[in-house]
Amino acid sequence: MKGIQVVNRLKDILPKYTNDFSSIINASSLTRAGSIITCTTATNHNLLTGDYVTIKGAKEPIALSTITFSNGIATATALTDHKLSDPSLFAPQILPINIEISGAVGFNGTWELVSVPSKLIFTFKVSGSPTNVNGGYLLLDDYDGYNGYKQITKITDTSFSYTTTGAMQSPAQGEIKVSTATRIAHSATPQRIQEFYTAGQGGVLQTWLYVVMGQNQAYRNDTVVGDSSTAKRTNEDYWNSAQQSFSIYVVIPATASILGGDIADNAKAYLKPILKALANYIFESDLTDEEMQPCQYVGDEADDYITATYTHRFDFVVQGFIQVGDTTDYDLGVPLQRVEGVFIEQGLDYDLNTR
């Protein structure tokens with residue numbers, strides 16, 4: 001397992017929950033033509049072809065032909081498949097399911113979905129007594145079409161493009177944000193973090209996050225492999241449990257704080273976003289088992305406070321399995337090869353050509 005895998009996962013997920021580790025610019029439009037999405041930004045994005053960004057806030061618009069109202073219930077007819085699911089299929093603890101309507105006077109806002117009679121019709125609760133309208137949009141939350149962690153191609157200083165496999169309606173709506181210059185990096189050692197940060201590479205008065213890979217130790221039957229009691233016995237299969245630890249260091253400017261207690265509290269608030277990104281996530285493995293075991297959170301603590309900066313450490317561990325396939329190459333020969341000749345077994349002659 002490599003540190004860059006953790007970095008890429010954090011770059012993908014963290015901007016959904018916090019803007020503290022990236023620079024944010026507004027997108028003025030987001031359109032799709034085939035598999036290409038073009039983003040126009042309100043200001044210079046300062047990006048180059050090959051850079052990565054995280055898009056968030058984009059919603060897919062489903063055009064509506066009509067919305068009618070009767071006895072507190074609105075009935076909407078869409079021009080294309082509205083992609084909604086019948087709320088009666090969901091468990092009570094998940095309900096209510098809310099939808100968002102825009103571009104339809106009297107119906108704009110977030111409402112509770114009531115029923116889905118067909119792929120084109122759905123009903124929802126509405127307050128007041130709005131008048132029937134033609135037009136409007138159902139806005140669907142988008143997860144990995146418009147939004148997400150994307151590698152871009154620069155078009156101009158205020159536009160870029162990226163690819164998608166989705167077939168979303170266009171243009172996207174919502175308050176669309178582009179997260180650029182993500183301040184998440186991979187460091188070889190904790191000592192290099194402070195050297196990097198204090199040298200001005202971390203930016204001025206900005207919060208950074210660094211991933212440092214820790215010890216990778218092998219175990220057998222919950223015992224460290226170095227223990228002689230774990231020696232392999234005849235006819236036993238080879239396997240070890242390899243536990244890879246890593247730590248996430250959050251570095252926060254602390255020049256305005258003397259005791260640092262408030263800064264420490266702010267750092268601990270990043271636990272939930274980090275857990276959403278990593279806890280129970282399954283990383284890829286280079287071993288025979290191509291997936292690691294789910295990532296586990298171990299704990300966190302204050303790591304360093306030098307008045308100018310405060311550093312907080314979050315610890316994680318993942319487990320993989322080293323097996324026979326990782327240690328041995330088998331030569332299976334030629335399967336079902338015919339052997340010519342005669343051999344003797346228990347005093348009897350066998351002609352293989354006749355068997």
# chains A, B, ... in the order shown; residues from 1 in each chain; ligands from 1
>>> select_by_dssp(residues="stretch 131-263 of chain A", states="strand (DSSP E)", output="ChimeraX atom specification")
/A:133-134,137-141,148-151,153-156,159-163,177-180,184-186,208-220,223-224,239-253
>>> residues_around(residues="stretch 256-266 of chain A", least_positions_apart="5", cutoff="10 Å", atoms="only C-alpha atoms", output="mmCIF file with N, CA and C atoms, in the first residue's frame")
data_model
loop_
_atom_site.group_PDB
_atom_site.id
_atom_site.type_symbol
_atom_site.label_atom_id
_atom_site.label_comp_id
_atom_site.auth_asym_id
_atom_site.auth_seq_id
_atom_site.Cartn_x
_atom_site.Cartn_y
_atom_site.Cartn_z
ATOM 1 N N LEU A 271 -12.013 15.246 12.538
ATOM 2 C CA LEU A 271 -12.135 13.791 12.658
ATOM 3 C C LEU A 271 -13.274 13.247 11.807
ATOM 4 N N GLU A 301 -4.309 12.322 18.575
ATOM 5 C CA GLU A 301 -3.765 13.074 19.699
ATOM 6 C C GLU A 301 -3.020 14.306 19.192
ATOM 7 N N ALA A 302 -2.793 15.250 20.110
ATOM 8 C CA ALA A 302 -1.972 16.410 19.784
ATOM 9 C C ALA A 302 -0.548 15.933 19.530
ATOM 10 N N TYR A 305 3.098 21.503 19.193
ATOM 11 C CA TYR A 305 2.617 22.884 19.243
ATOM 12 C C TYR A 305 3.817 23.778 19.496
ATOM 13 N N ILE A 306 4.168 24.573 18.484
ATOM 14 C CA ILE A 306 5.348 25.426 18.596
ATOM 15 C C ILE A 306 4.958 26.896 18.484
ATOM 16 N N THR A 307 3.760 27.216 18.992
ATOM 17 C CA THR A 307 3.202 28.574 18.983
ATOM 18 C C THR A 307 2.813 29.036 17.583
ATOM 19 N N ALA A 308 3.731 28.908 16.632
ATOM 20 C CA ALA A 308 3.412 29.346 15.275
ATOM 21 C C ALA A 308 2.455 28.383 14.593
ATOM 22 N N THR A 309 2.594 27.082 14.895
ATOM 23 C CA THR A 309 1.725 26.078 14.284
ATOM 24 C C THR A 309 1.332 25.026 15.308
ATOM 25 N N TYR A 310 0.155 24.470 15.091
ATOM 26 C CA TYR A 310 -0.321 23.353 15.902
ATOM 27 C C TYR A 310 -0.486 22.151 14.981
ATOM 28 N N THR A 311 -0.008 20.975 15.408
ATOM 29 C CA THR A 311 -0.097 19.755 14.606
ATOM 30 C C THR A 311 -0.870 18.688 15.369
ATOM 31 N N HIS A 312 -1.872 18.110 14.722
ATOM 32 C CA HIS A 312 -2.687 17.052 15.316
ATOM 33 C C HIS A 312 -2.568 15.805 14.449
#
>>> closest_residue(among="A:Thr164, A:Asn19, A:Thr75, A:Ser159", to="A:Asn44", atoms="only C-alpha atoms")
A:Ser159
>>> residues_around(residues="stretch 96-111 of chain A", least_positions_apart="6", cutoff="6 Å", atoms="only C-alpha atoms", output="VMD selection string")
chain A and resid 125 130 136 to 139
>>> atom_distance(atom1="atom CA of A:Thr156", atom2="atom CA of A:Arg32")
17.2 Å
>>> atom_distance(atom1="atom CA of A:Tyr297", atom2="atom CA of A:Asp315")
6.3 Å
>>> closest_residue(among="A:Asn216, A:Thr38, A:Gln194, A:Thr189", to="A:Ala172", atoms="only C-alpha atoms")
A:Thr38
